[in-house]
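Heads up, target05.pdb below (PDB, C-alpha atoms, pLDDT in the B column):
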```
ATOM      1  CA  MET A 131      42.851   1.501  -7.304  1.00 86.00           C
ATOM      2  CA  ARG A 132      42.622   3.595 -10.428  1.00 93.00           C
ATOM      3  CA  GLY A 133      39.573   4.245 -12.506  1.00 94.00           C
ATOM      4  CA  LEU A 134      37.524   6.581 -14.616  1.00 95.00           C
ATOM      5  CA  ALA A 135      35.009   8.761 -12.803  1.00 92.00           C
ATOM      6  CA  SER A 136      31.928  10.339 -14.313  1.00 90.00           C
ATOM      7  CA  CYS A 137      29.173  12.499 -12.825  1.00 87.00           C
ATOM      8  CA  ARG A 138      25.655  11.147 -13.262  1.00 85.00           C
ATOM      9  CA  GLN A 139      22.294  12.795 -12.769  1.00 82.00           C
ATOM     10  CA  GLY A 140      19.492  11.143 -10.856  1.00 79.00           C
ATOM     11  CA  LEU A 141      19.639   8.463  -8.230  1.00 78.00           C
ATOM     12  CA  PRO A 142      22.279   5.722  -8.098  1.00 80.00           C
ATOM     13  CA  PRO A 143      21.331   2.175  -9.161  1.00 85.00           C
ATOM     14  CA  TRP A 144      19.143   0.251  -6.696  1.00 87.00           C
ATOM     15  CA  ALA A 145      21.937  -2.173  -5.759  1.00 88.00           C
ATOM     16  CA  SER A 146      24.146   0.713  -4.646  1.00 84.00           C
ATOM     17  CA  GLY A 147      21.274   2.391  -2.841  1.00 83.00           C
ATOM     18  CA  TRP A 148      20.467  -0.776  -0.901  1.00 89.00           C
ATOM     19  CA  ARG A 149      24.113  -1.151   0.182  1.00 87.00           C
ATOM     20  CA  ILE A 150      24.049   2.405   1.549  1.00 83.00           C
ATOM     21  CA  ILE A 151      20.706   1.852   3.280  1.00 84.00           C
ATOM     22  CA  ARG A 152      21.882  -1.408   4.889  1.00 85.00           C
ATOM     23  CA  LYS A 153      25.181   0.089   5.996  1.00 84.00           C
ATOM     24  CA  TYR A 154      23.910   3.342   7.475  1.00 81.00           C
ATOM     25  CA  TYR A 155      20.186   3.069   8.174  1.00 81.00           C
ATOM     26  CA  LEU A 156      19.351  -0.579   8.909  1.00 86.00           C
ATOM     27  CA  ARG A 157      22.111  -1.182  11.413  1.00 84.00           C
ATOM     28  CA  PRO A 158      21.195  -1.744  15.049  1.00 84.00           C
ATOM     29  CA  ARG A 159      20.635   1.581  16.789  1.00 86.00           C
ATOM     30  CA  ALA A 160      20.752   3.563  13.503  1.00 86.00           C
ATOM     31  CA  LEU A 161      17.347   5.103  14.191  1.00 84.00           C
ATOM     32  CA  LEU A 162      18.457   6.050  17.699  1.00 88.00           C
ATOM     33  CA  VAL A 163      21.532   7.803  16.320  1.00 87.00           C
ATOM     34  CA  GLU A 164      19.445   9.705  13.745  1.00 85.00           C
ATOM     35  CA  LEU A 165      16.996  10.831  16.417  1.00 89.00           C
ATOM     36  CA  ARG A 166      19.841  11.969  18.677  1.00 90.00           C
ATOM     37  CA  HIS A 167      21.033  14.198  15.834  1.00 89.00           C
ATOM     38  CA  ALA A 168      17.584  15.481  14.867  1.00 91.00           C
ATOM     39  CA  ARG A 169      18.569  19.008  15.877  1.00 93.00           C
ATOM     40  CA  LEU A 170      21.113  18.954  13.019  1.00 91.00           C
ATOM     41  CA  TRP A 171      18.588  18.030  10.313  1.00 89.00           C
ATOM     42  CA  PRO A 172      18.003  21.694   9.287  1.00 91.00           C
ATOM     43  CA  LEU A 173      21.776  22.120   8.794  1.00 90.00           C
ATOM     44  CA  ARG A 174      21.893  18.936   6.716  1.00 83.00           C
ATOM     45  CA  ARG A 175      19.075  20.273   4.538  1.00 83.00           C
ATOM     46  CA  LEU A 176      20.988  23.537   3.999  1.00 85.00           C
ATOM     47  CA  TYR A 177      24.187  21.657   3.181  1.00 83.00           C
ATOM     48  CA  TYR A 178      22.585  19.416   0.570  1.00 76.00           C
ATOM     49  CA  GLY A 179      20.526  22.341  -0.756  1.00 76.00           C
ATOM     50  CA  GLN A 180      23.746  24.042  -1.902  1.00 78.00           C
ATOM     51  CA  ALA A 181      24.335  21.438  -4.601  1.00 70.00           C
ATOM     52  CA  LYS A 182      23.872  22.873  -8.057  1.00 69.00           C
ATOM     53  CA  GLY A 183      22.348  20.795 -10.805  1.00 65.00           C
ATOM     54  CA  GLY A 184      20.087  18.644  -8.675  1.00 63.00           C
ATOM     55  CA  VAL A 185      20.609  15.170  -7.340  1.00 65.00           C
ATOM     56  CA  GLY A 186      23.497  13.213  -8.728  1.00 77.00           C
ATOM     57  CA  TYR A 187      26.219  10.737  -7.967  1.00 83.00           C
ATOM     58  CA  ILE A 188      29.707   9.819  -9.132  1.00 87.00           C
ATOM     59  CA  ARG A 189      30.247   6.512 -10.899  1.00 88.00           C
ATOM     60  CA  VAL A 190      33.778   5.070 -10.864  1.00 90.00           C
ATOM     61  CA  THR A 191      34.757   2.386 -13.359  1.00 93.00           C
ATOM     62  CA  PRO A 192      37.916   0.638 -12.113  1.00 93.00           C
ATOM     63  CA  THR A 193      40.740   0.262 -14.635  1.00 95.00           C
ATOM     64  CA  ALA A 194      43.556  -1.050 -12.413  1.00 94.00           C
ATOM     65  CA  ALA A 195      44.100  -2.271  -8.866  1.00 91.00           C
ATOM     66  CA  ALA A 196      47.146  -3.184  -6.805  1.00 90.00           C
ATOM     67  CA  PHE A 197      47.373  -4.934  -3.474  1.00 88.00           C
ATOM     68  CA  LEU A 198      49.778  -3.466  -0.966  1.00 86.00           C
ATOM     69  CA  SER A 199      51.396  -5.278   1.927  1.00 86.00           C
ATOM     70  CA  ARG A 200      50.736  -4.071   5.431  1.00 84.00           C
ATOM     71  CA  PRO A 201      53.307  -1.623   6.814  1.00 77.00           C
TER
END
```
Rewritten as structure tokens:
Amino acid sequence: MRGLASCRQGLPPWASGWRIIRKYYLRPRALLVELRHARLWPLRRLYYGQAKGGVGYIRVTPTAAAFLSRP
């Protein structure tokens, strides 16, 4: 797939946010996994705190796609 990428400020659109939430946080046992990794939350905060320019996301607008056969 090829496309044009652009950096955006703010939060992604709600539809994209809901897909992320469903995939990573509303799955069975997702809360259990997060709680198991609670000791890493301070490191996660430091990692995301390094971002300059605030919260943002990358939007990709597809321009071409090709289907490949399996190897």
Practice problem: Go ahead and compute the interatomic distance for atom CA of Arg166 of chain A and atom CA of Gly179 of chain A, in Å to one decimal. | Solution: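 Spanning atom CA of Arg166 of chain A to atom CA of Gly179 of chain A is a straight-line distance of 22.0 Å.
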Quiz prompt | Result set, the PyMOL selection byres ((chain A and resi 137) around 12) on current file, as a PyMOL selection string | solution = chain A and resi 134-136+138-142+183-191
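Excluding Pro192 of chain A and any residue on its chain fewer than 3 positions from it, the residues at most 7 Å away by only C-alpha atoms are Met131, Arg132, Gly133 and Leu134 of chain A.
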Padded axis-aligned box of segment 142-150 of chain A (4 Å per side), centre and edge lengths, Å, one decimal, as AutoDock Vina command-line options:
```
--center_x 21.6 --center_y 1.8 --center_z -3.8 --size_x 13.0 --size_y 15.9 --size_z 18.7
```
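Going from atom CA of Pro201 of chain A to atom CA of Tyr154 of chain A covers 29.8 Å.
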Self-check item: Interatomic distance, atom CA of Tyr177 of chain A to atom CA of Arg152 of chain A (Å, one decimal)
Solution: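 Separation between atom CA of Tyr177 of chain A and atom CA of Arg152 of chain A: 23.2 Å.
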